[in-house]
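So the structure is just underneath, and the comments pick up after that.
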Amino acid sequence: MSSIGTGYDLSVTTFSPDGRVFQIEYAAKAVDNSGTVVGIKCKDGIVLGVEKLITSKMMLPGSNRRIHAVHRHSGMAVAGLAADGRQIVARAKSEATNYESVYGEPIPVKELAERVASYVHLCTLYWWLRPFGSGVILGGYDRDGPQLYMVEPSGVSYRYFGAAIGKGRQAAKTEIEKLKLSEMTCRQGVIEVAKIRIYGVHDEAKDKAFELEMSWVCDESNRQHQKVPDDILEEAKAAAKAALEEMDAD
Amino acid sequence: MDVSAGDLNAPHSMGTTIIGVTYDGGVVLGADSRTSTGMYVANRASDKITKLTDNVYMCRSGSAADSQIVSDYVRYFLHQHTIQLGQPSTVKVAANLVRLLSYNNKNMLQTGLIIGGWDKYEGGKIYGIPLGGTILEQPFAIGGSGSSYLYGFFDQAWKEGMTQEEAEQLVVKAVSLAIARDGASGGVVRTVTINSEGVTRKFYPGDKLSLWHEELEPQNSLLDILSTGSPEPMVS
């Protein structure tokens with residue numbers, strides 16, 4: 001499971017004899033232990049969903065947002081250390097506005113993902129910086145259609161149909177693979193994400209309360225990134241709970 | 001009469017006529033070919049339509065040096081941008097980069113530019129960027145000293161949804177009319193047509209252009225007139 005670095009893991013500028021940088025792997029562990037974040041690409045847009053574990057009953061619902069708008073057409077969901085994630089989002093926002101003022105068009109999602117990835121990677125190159133302890137799922141809708149990217153603490157970025165990070169990622173990925181995403185609209189996608197979220201978390205009975213935070217960018221939202229409207233969200237939660245009960249009844 | 005060659009070291013200016021026109025499927029850019037330093041024509045066959053990328057070209061007017069340096073910078077930026085993006089830049093991006101240079105250096109530059117091209121998202125587009133660095137997307141644009149004579153012409157002759165033939169003929173006719181009236185425009189007419197299939201350059205020398213009001217047929221030499229035996233060399 002977790003390998004012991006024994007001396008090669010003290011600095012991010014040290015390689016181990018078998019070619020690994022342990023500090024980056026440890027940073028990835030921080031992401032793995034956080035609440036699940038899921039993103040899927042439907043035929044008309046992107047849906048992002050976050051399982052926000054509620055640490056205290058006194059927390060106001062809706063606080064501690066994990067999904068942030070980066071630009072009109074794109075949003076980012078963060079997993080891992082929240083403060084680190086906020087830095088990444090701030091950088092992404094700044095890249096997006098800077099691109100638009102120089103080139104006169106909204107930043108293509110691919111370009112944004114590359115810039116974010118390169119920034120995250122930057123922090124793995126110097127001994128006086130530590131790697132980001134958070135991974136992000138970036139979803140956006142540009143001229144070339146909806147796109148979904150995931151950036152890991154190592155600075156690696158890939159484009160996905162469906163991506164999941166955090167505690168329940170294995171279960172979530174299995175569920176996503178079962179879905180026929182290319183034929184699904186975002187409306188249906190929202191329900192699927194709610195189901196995955198509630199399945200994934202339900203299995204881990206040790207985590208009690210959680211809040212579901214979801215956002216989308218799709219034709220229905222006019223290609224703008226926004227929080228999923230409350231009524232659709234409730235509908236999705238209800239449908240997911242019903243499906244869950246059905247499953248349990250078997 | 002004192003023949004003065006003009007100051008050959010004076011800044012080269014392109015008193016010019018430049019035109020950009022959209023048609024159904026692409027754009028046609030046109031220009032004359034005269035570069036003058038004062039009264040002296042420094043280049044009578046210049047090419048004022050410069051390539052920025054494979055799918056975006058720019059017509060230059062005003063100071064030759066200024067417009068060349070702007071086009072060099074923008075070509076460099078666009079090249080980098082194309083590599084990063086992994087696909088051809090859009091006309092809008094090219095025009096925006098030109099506009100930023102024009103505006104931010106407005107105190108030092110004196111150049112009016114027309115950017116025209118084709119990209120797969122928006123099709124054929126024309127952007128006019130006059131002296132101060134304004135950017136204006138237009139169905140057609142005219143610029144340079146000769147353009148003053150073309151405003152009324154375009155008001156009447158321009159129409160939406162022309163074919164490639166019609167657009168090219170419109171551009172050639174317009175440049176040729178401007179050359180007839182503007183002393184700072186002359187030489188040949190060059191056109192560049194850009195569409196989904198690519199770029200085509202055309203060249204119309206003076207004798208291929210129609211004659212306008214009060215323009216005479218070209219005569220090779222007065223000696224020819226005399227030798228044909230006509231007693232009245234000046235025929236009215």
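Chain labels run A, B, ... following the order of the structure tokens; each chain numbers its residues from 1, and ligands are numbered from 1 in the order shown.
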Taking 5 positions as the minimum chain separation for residues in the same chain, which residues sit within 10 Å of B:Val175 when counting only C-alpha atoms? Answer as an mmCIF file with N, CA and C atoms, in the first residue's frame.
```cif
data_model
loop_
_atom_site.group_PDB
_atom_site.id
_atom_site.type_symbol
_atom_site.label_atom_id
_atom_site.label_comp_id
_atom_site.auth_asym_id
_atom_site.auth_seq_id
_atom_site.Cartn_x
_atom_site.Cartn_y
_atom_site.Cartn_z
ATOM 1 N N THR B 16 -2.198 55.010 -50.329
ATOM 2 C CA THR B 16 -2.592 53.688 -50.771
ATOM 3 C C THR B 16 -4.071 53.616 -50.990
ATOM 4 N N THR B 17 -4.465 52.524 -51.672
ATOM 5 C CA THR B 17 -5.857 52.121 -51.579
ATOM 6 C C THR B 17 -5.863 50.667 -51.144
ATOM 7 N N ILE B 18 -6.494 50.376 -50.014
ATOM 8 C CA ILE B 18 -6.634 48.964 -49.609
ATOM 9 C C ILE B 18 -8.105 48.664 -49.341
ATOM 10 N N ILE B 19 -8.474 47.444 -49.690
ATOM 11 C CA ILE B 19 -9.877 47.040 -49.568
ATOM 12 C C ILE B 19 -9.956 45.612 -49.046
ATOM 13 N N GLY B 30 -7.827 43.436 -51.468
ATOM 14 C CA GLY B 30 -7.250 44.047 -52.658
ATOM 15 C C GLY B 30 -6.448 45.272 -52.292
ATOM 16 N N ALA B 31 -5.463 45.600 -53.142
ATOM 17 C CA ALA B 31 -4.656 46.790 -52.883
ATOM 18 C C ALA B 31 -4.004 47.265 -54.173
ATOM 19 N N ASP B 32 -3.567 48.540 -54.150
ATOM 20 C CA ASP B 32 -2.771 49.029 -55.282
ATOM 21 C C ASP B 32 -1.319 48.665 -54.988
ATOM 22 N N ILE B 142 -12.505 49.653 -46.179
ATOM 23 C CA ILE B 142 -11.609 50.330 -47.138
ATOM 24 C C ILE B 142 -10.660 51.197 -46.342
ATOM 25 N N GLY B 146 -6.542 56.561 -50.983
ATOM 26 C CA GLY B 146 -7.463 56.393 -52.109
ATOM 27 C C GLY B 146 -8.863 56.006 -51.688
ATOM 28 N N SER B 147 -9.016 55.590 -50.435
ATOM 29 C CA SER B 147 -10.338 55.117 -50.021
ATOM 30 C C SER B 147 -11.351 56.250 -49.944
ATOM 31 N N TYR B 149 -12.192 58.178 -52.064
ATOM 32 C CA TYR B 149 -12.980 58.269 -53.287
ATOM 33 C C TYR B 149 -13.916 57.088 -53.447
ATOM 34 N N LEU B 150 -13.898 56.185 -52.482
ATOM 35 C CA LEU B 150 -14.651 54.953 -52.668
ATOM 36 C C LEU B 150 -15.853 54.815 -51.740
ATOM 37 N N LEU B 170 -15.645 43.360 -57.909
ATOM 38 C CA LEU B 170 -15.930 44.582 -57.160
ATOM 39 C C LEU B 170 -14.637 45.201 -56.641
ATOM 40 N N ALA B 180 -7.376 55.862 -60.306
ATOM 41 C CA ALA B 180 -7.612 56.891 -61.313
ATOM 42 C C ALA B 180 -7.657 58.277 -60.697
ATOM 43 N N SER B 185 -1.960 56.667 -55.155
ATOM 44 C CA SER B 185 -2.192 55.241 -55.432
ATOM 45 C C SER B 185 -1.918 54.989 -56.897
ATOM 46 N N GLY B 186 -1.385 53.847 -57.208
ATOM 47 C CA GLY B 186 -1.136 53.557 -58.617
ATOM 48 C C GLY B 186 -0.498 52.207 -58.808
ATOM 49 N N VAL B 188 -0.216 48.481 -60.135
ATOM 50 C CA VAL B 188 -1.072 47.352 -60.495
ATOM 51 C C VAL B 188 -2.053 47.104 -59.359
ATOM 52 N N VAL B 189 -3.038 46.242 -59.657
ATOM 53 C CA VAL B 189 -3.991 45.849 -58.621
ATOM 54 C C VAL B 189 -3.673 44.416 -58.207
ATOM 55 N N ARG B 190 -3.483 44.220 -56.909
ATOM 56 C CA ARG B 190 -3.239 42.844 -56.426
ATOM 57 C C ARG B 190 -4.446 42.416 -55.600
ATOM 58 N N THR B 191 -4.861 41.163 -55.774
ATOM 59 C CA THR B 191 -5.926 40.654 -54.892
ATOM 60 C C THR B 191 -5.500 39.327 -54.285
ATOM 61 N N LEU B 209 -7.050 46.770 -66.747
ATOM 62 C CA LEU B 209 -8.136 47.449 -66.037
ATOM 63 C C LEU B 209 -8.946 48.292 -66.996
#
```
Per residue of chain A within 12 Å of chain B, note the shortest atom pair and the distance in Å to one decimal, counting only C-alpha atoms, and order the rows by chain and increasing residue number, as a tab-separated table.
```
residue	atom	partner	partner_atom	distance
A:Tyr99	CA	B:Val93	CA	10.5
A:Glu100	CA	B:Val93	CA	9.5
A:Ser101	CA	B:Asn96	CA	8.8
A:Val102	CA	B:Leu97	CA	6.7
A:Tyr103	CA	B:Val93	CA	5.0
A:Gly104	CA	B:Asn96	CA	5.6
A:Glu105	CA	B:Val93	CA	6.7
A:Pro106	CA	B:Val93	CA	10.2
A:Ile107	CA	B:Leu85	CA	10.1
A:Pro108	CA	B:Leu85	CA	8.2
A:Val109	CA	B:Leu85	CA	10.3
A:Lys110	CA	B:Leu85	CA	8.0
A:Glu111	CA	B:Leu85	CA	6.7
A:Leu112	CA	B:Leu85	CA	10.5
A:Ala113	CA	B:Leu85	CA	11.7
A:Glu114	CA	B:Gln84	CA	9.4
A:Arg115	CA	B:Gln84	CA	10.5
A:Asp142	CA	B:Tyr121	CA	11.3
A:Arg143	CA	B:Tyr121	CA	7.6
A:Asp144	CA	B:Tyr121	CA	9.1
A:Gly145	CA	B:Tyr121	CA	11.8
```
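Put simply, atom CA of A:Gly85 is 25.1 Å away from atom CA of A:Cys42.
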Backbone-only DSSP, strand (DSSP E or B) members of stretch 6-73 of chain B, as a PyMOL selection string = chain B and resi 13-14+18-23+26-31+35-37+40-43+49-53+56-63
Contact residues around A:Ala172 with only C-alpha atoms at 12 Å, ignoring same-chain residues under 6 positions, as a VMD selection string = chain A and resid 35 to 40 49 to 51 162 to 166 178 to 179 192 to 203
ask   = Nearest to B:Asn55: which of B:Val21, B:Ile115, B:Ile129, B:Ile194 is it, counting only C-alpha atoms?
value = B:Ile194
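Using only C-alpha atoms, the residues found no farther than 7 Å from stretch 239-244 of chain A, other than those of its own chain fewer than 2 positions away, are Ile191, Ala194, Lys195, Glu235, Ala236, Lys237, Glu246, Met247 and Asp248 of chain A.
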Dump of C-alpha atoms for the selected residues, as a PDB file, in the first residue's frame:
```
ATOM      1  CA  ILE A 191     -29.223  12.391 -11.866  1.00  0.00           C
ATOM      2  CA  ALA A 194     -26.188  12.135  -7.757  1.00  0.00           C
ATOM      3  CA  LYS A 195     -26.616   8.368  -7.842  1.00  0.00           C
ATOM      4  CA  GLU A 235     -35.115  16.069  -8.404  1.00  0.00           C
ATOM      5  CA  ALA A 236     -31.777  14.364  -8.931  1.00  0.00           C
ATOM      6  CA  LYS A 237     -31.283  13.639  -5.234  1.00  0.00           C
ATOM      7  CA  GLU A 246     -34.480  -0.145  -5.076  1.00  0.00           C
ATOM      8  CA  MET A 247     -30.964  -1.514  -5.089  1.00  0.00           C
ATOM      9  CA  ASP A 248     -31.029  -2.186  -1.397  1.00  0.00           C
TER      10      ASP A 248
END
```
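Closest approach to B:Arg75 from the set B:Ile179, B:Leu52, B:Ala157, B:Ala42 is made by B:Leu52, with distances taken over only C-alpha atoms.
Nearest to B:Gln80 of all the residues B:Gln164, B:Thr53, B:Thr134, B:Ser102 is B:Thr53, based on only C-alpha atoms.
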inquiry  = Need the shell around A:Ser118: protein/DNA/RNA residues with any atom at most 10 Å away, counting only C-alpha atoms. Skip same-chain ones fewer than 4 positions apart. Format as a ChimeraX atom specification?
reply    = /A:112-114,122-123,151,154-157
inquiry  = So that I can check the secondary structure, give me every residue of stretch 17-110 of chain B assigned alpha helix (DSSP H) by backbone DSSP, as number ranges by chain.
reply    = B: 64-85, 91-104
ask   = If we count only C-alpha atoms, what is near B:Leu211 at a cut-off of 10 Å, once residues fewer than 5 positions away on the same chain are taken out, given as an MDAnalysis selection string?
value = chainID B and resid 176:177 180 206 216:218
request  = Would you list the contacts of A:Gln23 as a ChimeraX atom specification, taking every protein, DNA or RNA residue within 9 Å and counting only C-alpha atoms, but skipping same-chain residues closer than 3 positions in sequence?
outcome  = /A:8-14,20,26-28,124,130-131
Include all heavy atoms and write out the residues we just selected as a CSV table (one decimal), in the first residue's frame.
```
chain,number,residue,atom,x,y,z
A,8,TYR,N,14.6,9.0,0.8
A,8,TYR,CA,14.4,9.6,-0.5
A,8,TYR,C,13.2,10.5,-0.6
A,8,TYR,O,12.8,10.9,-1.6
A,8,TYR,CB,14.4,8.5,-1.6
A,8,TYR,CG,15.7,7.7,-1.6
A,8,TYR,CD1,15.7,6.4,-1.2
A,8,TYR,CD2,16.9,8.3,-2.0
A,8,TYR,CE1,16.9,5.7,-1.2
A,8,TYR,CE2,18.0,7.6,-2.0
A,8,TYR,CZ,18.0,6.3,-1.6
A,8,TYR,OH,19.2,5.5,-1.6
A,9,ASP,N,12.5,10.6,0.5
A,9,ASP,CA,11.2,11.3,0.5
A,9,ASP,C,11.2,12.6,1.2
A,9,ASP,O,10.2,13.1,1.5
A,9,ASP,CB,10.1,10.4,1.1
A,9,ASP,CG,10.4,10.0,2.5
A,9,ASP,OD1,11.5,10.3,3.0
A,9,ASP,OD2,9.5,9.5,3.2
A,10,LEU,N,12.4,13.1,1.5
A,10,LEU,CA,12.5,14.3,2.3
A,10,LEU,C,12.3,15.5,1.5
A,10,LEU,O,11.9,16.6,2.1
A,10,LEU,CB,13.8,14.3,3.1
A,10,LEU,CG,14.0,13.2,4.1
A,10,LEU,CD1,15.4,13.2,4.6
A,10,LEU,CD2,13.0,13.2,5.2
A,11,SER,N,12.5,15.5,0.2
A,11,SER,CA,12.4,16.7,-0.6
A,11,SER,C,11.8,16.4,-1.9
A,11,SER,O,12.1,15.3,-2.5
A,11,SER,CB,13.8,17.3,-0.7
A,11,SER,OG,13.9,18.1,-1.8
A,12,VAL,N,11.2,17.3,-2.5
A,12,VAL,CA,10.5,17.1,-3.8
A,12,VAL,C,11.6,17.1,-4.9
A,12,VAL,O,11.3,16.8,-6.0
A,12,VAL,CB,9.4,18.1,-4.0
A,12,VAL,CG1,10.0,19.4,-4.5
A,12,VAL,CG2,8.4,17.6,-5.0
A,13,THR,N,12.8,17.5,-4.5
A,13,THR,CA,13.8,17.5,-5.6
A,13,THR,C,14.7,16.3,-5.5
A,13,THR,O,15.8,16.3,-6.0
A,13,THR,CB,14.7,18.8,-5.4
A,13,THR,OG1,15.2,18.8,-4.1
A,13,THR,CG2,14.0,20.0,-5.8
A,14,THR,N,14.2,15.3,-4.8
A,14,THR,CA,15.0,14.0,-4.7
A,14,THR,C,14.3,12.9,-5.4
A,14,THR,O,13.1,12.6,-5.1
A,14,THR,CB,15.3,13.7,-3.2
A,14,THR,OG1,15.7,14.8,-2.5
A,14,THR,CG2,16.3,12.5,-3.1
A,20,ARG,N,11.2,7.3,-8.6
A,20,ARG,CA,10.0,8.0,-8.1
A,20,ARG,C,10.3,9.2,-7.3
A,20,ARG,O,11.4,9.3,-6.7
A,20,ARG,CB,9.2,7.0,-7.3
A,20,ARG,CG,8.7,5.8,-8.1
A,20,ARG,CD,8.5,4.6,-7.2
A,20,ARG,NE,7.4,4.8,-6.3
A,20,ARG,CZ,7.0,3.9,-5.5
A,20,ARG,NH1,7.7,2.7,-5.3
A,20,ARG,NH2,5.9,4.0,-4.8
A,26,TYR,N,3.1,11.4,-2.1
A,26,TYR,CA,2.4,11.7,-0.8
A,26,TYR,C,1.4,12.8,-1.0
A,26,TYR,O,0.3,12.8,-0.4
A,26,TYR,CB,3.5,12.2,0.2
A,26,TYR,CG,4.5,11.1,0.6
A,26,TYR,CD1,5.7,11.5,1.2
A,26,TYR,CD2,4.3,9.8,0.4
A,26,TYR,CE1,6.6,10.5,1.6
A,26,TYR,CE2,5.2,8.8,0.7
A,26,TYR,CZ,6.4,9.2,1.3
A,26,TYR,OH,7.3,8.3,1.7
A,27,ALA,N,1.7,13.8,-1.9
A,27,ALA,CA,0.7,14.8,-2.2
A,27,ALA,C,-0.5,14.2,-2.8
A,27,ALA,O,-1.7,14.6,-2.4
A,27,ALA,CB,1.3,15.8,-3.2
A,28,ALA,N,-0.4,13.2,-3.6
A,28,ALA,CA,-1.5,12.5,-4.2
A,28,ALA,C,-2.3,11.8,-3.1
A,28,ALA,O,-3.6,11.7,-3.2
A,28,ALA,CB,-1.1,11.5,-5.3
A,124,THR,N,6.5,21.4,-8.3
A,124,THR,CA,7.1,20.2,-7.9
A,124,THR,C,8.6,20.2,-8.3
A,124,THR,O,9.3,19.2,-8.3
A,124,THR,CB,6.5,19.0,-8.7
A,124,THR,OG1,6.7,19.1,-10.1
A,124,THR,CG2,5.0,18.9,-8.4
A,130,ARG,N,6.3,23.4,-1.9
A,130,ARG,CA,5.8,22.0,-1.8
A,130,ARG,C,4.8,21.8,-2.9
A,130,ARG,O,4.2,22.7,-3.3
A,130,ARG,CB,5.2,21.8,-0.4
A,130,ARG,CG,4.0,22.5,-0.1
A,130,ARG,CD,3.3,21.9,1.1
A,130,ARG,NE,2.2,22.7,1.6
A,130,ARG,CZ,1.0,22.7,1.0
A,130,ARG,NH1,0.8,21.9,0.0
A,130,ARG,NH2,0.0,23.5,1.5
A,131,PRO,N,4.6,20.5,-3.3
A,131,PRO,CA,3.6,20.3,-4.3
A,131,PRO,C,2.2,20.6,-3.8
A,131,PRO,O,2.0,20.6,-2.6
A,131,PRO,CB,3.7,18.8,-4.5
A,131,PRO,CG,5.0,18.4,-4.0
A,131,PRO,CD,5.3,19.3,-2.9
```
message = Under the rule that only C-alpha atoms are counted, which of A:Lys41, A:Gln226, A:Phe210, A:Asp231 is the nearest residue to A:Ile176?
response = A:Lys41
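Among B:His213, B:Lys159, B:Lys120, B:Arg60, the residue with the shortest atom-to-atom distance to B:Arg34, counting only C-alpha atoms, is B:Arg60.
Here the question is which of A:Val31, A:Glu213, A:Tyr158, A:Ile24 gets nearest to A:Arg65 using only C-alpha atoms, and that residue is A:Glu213.
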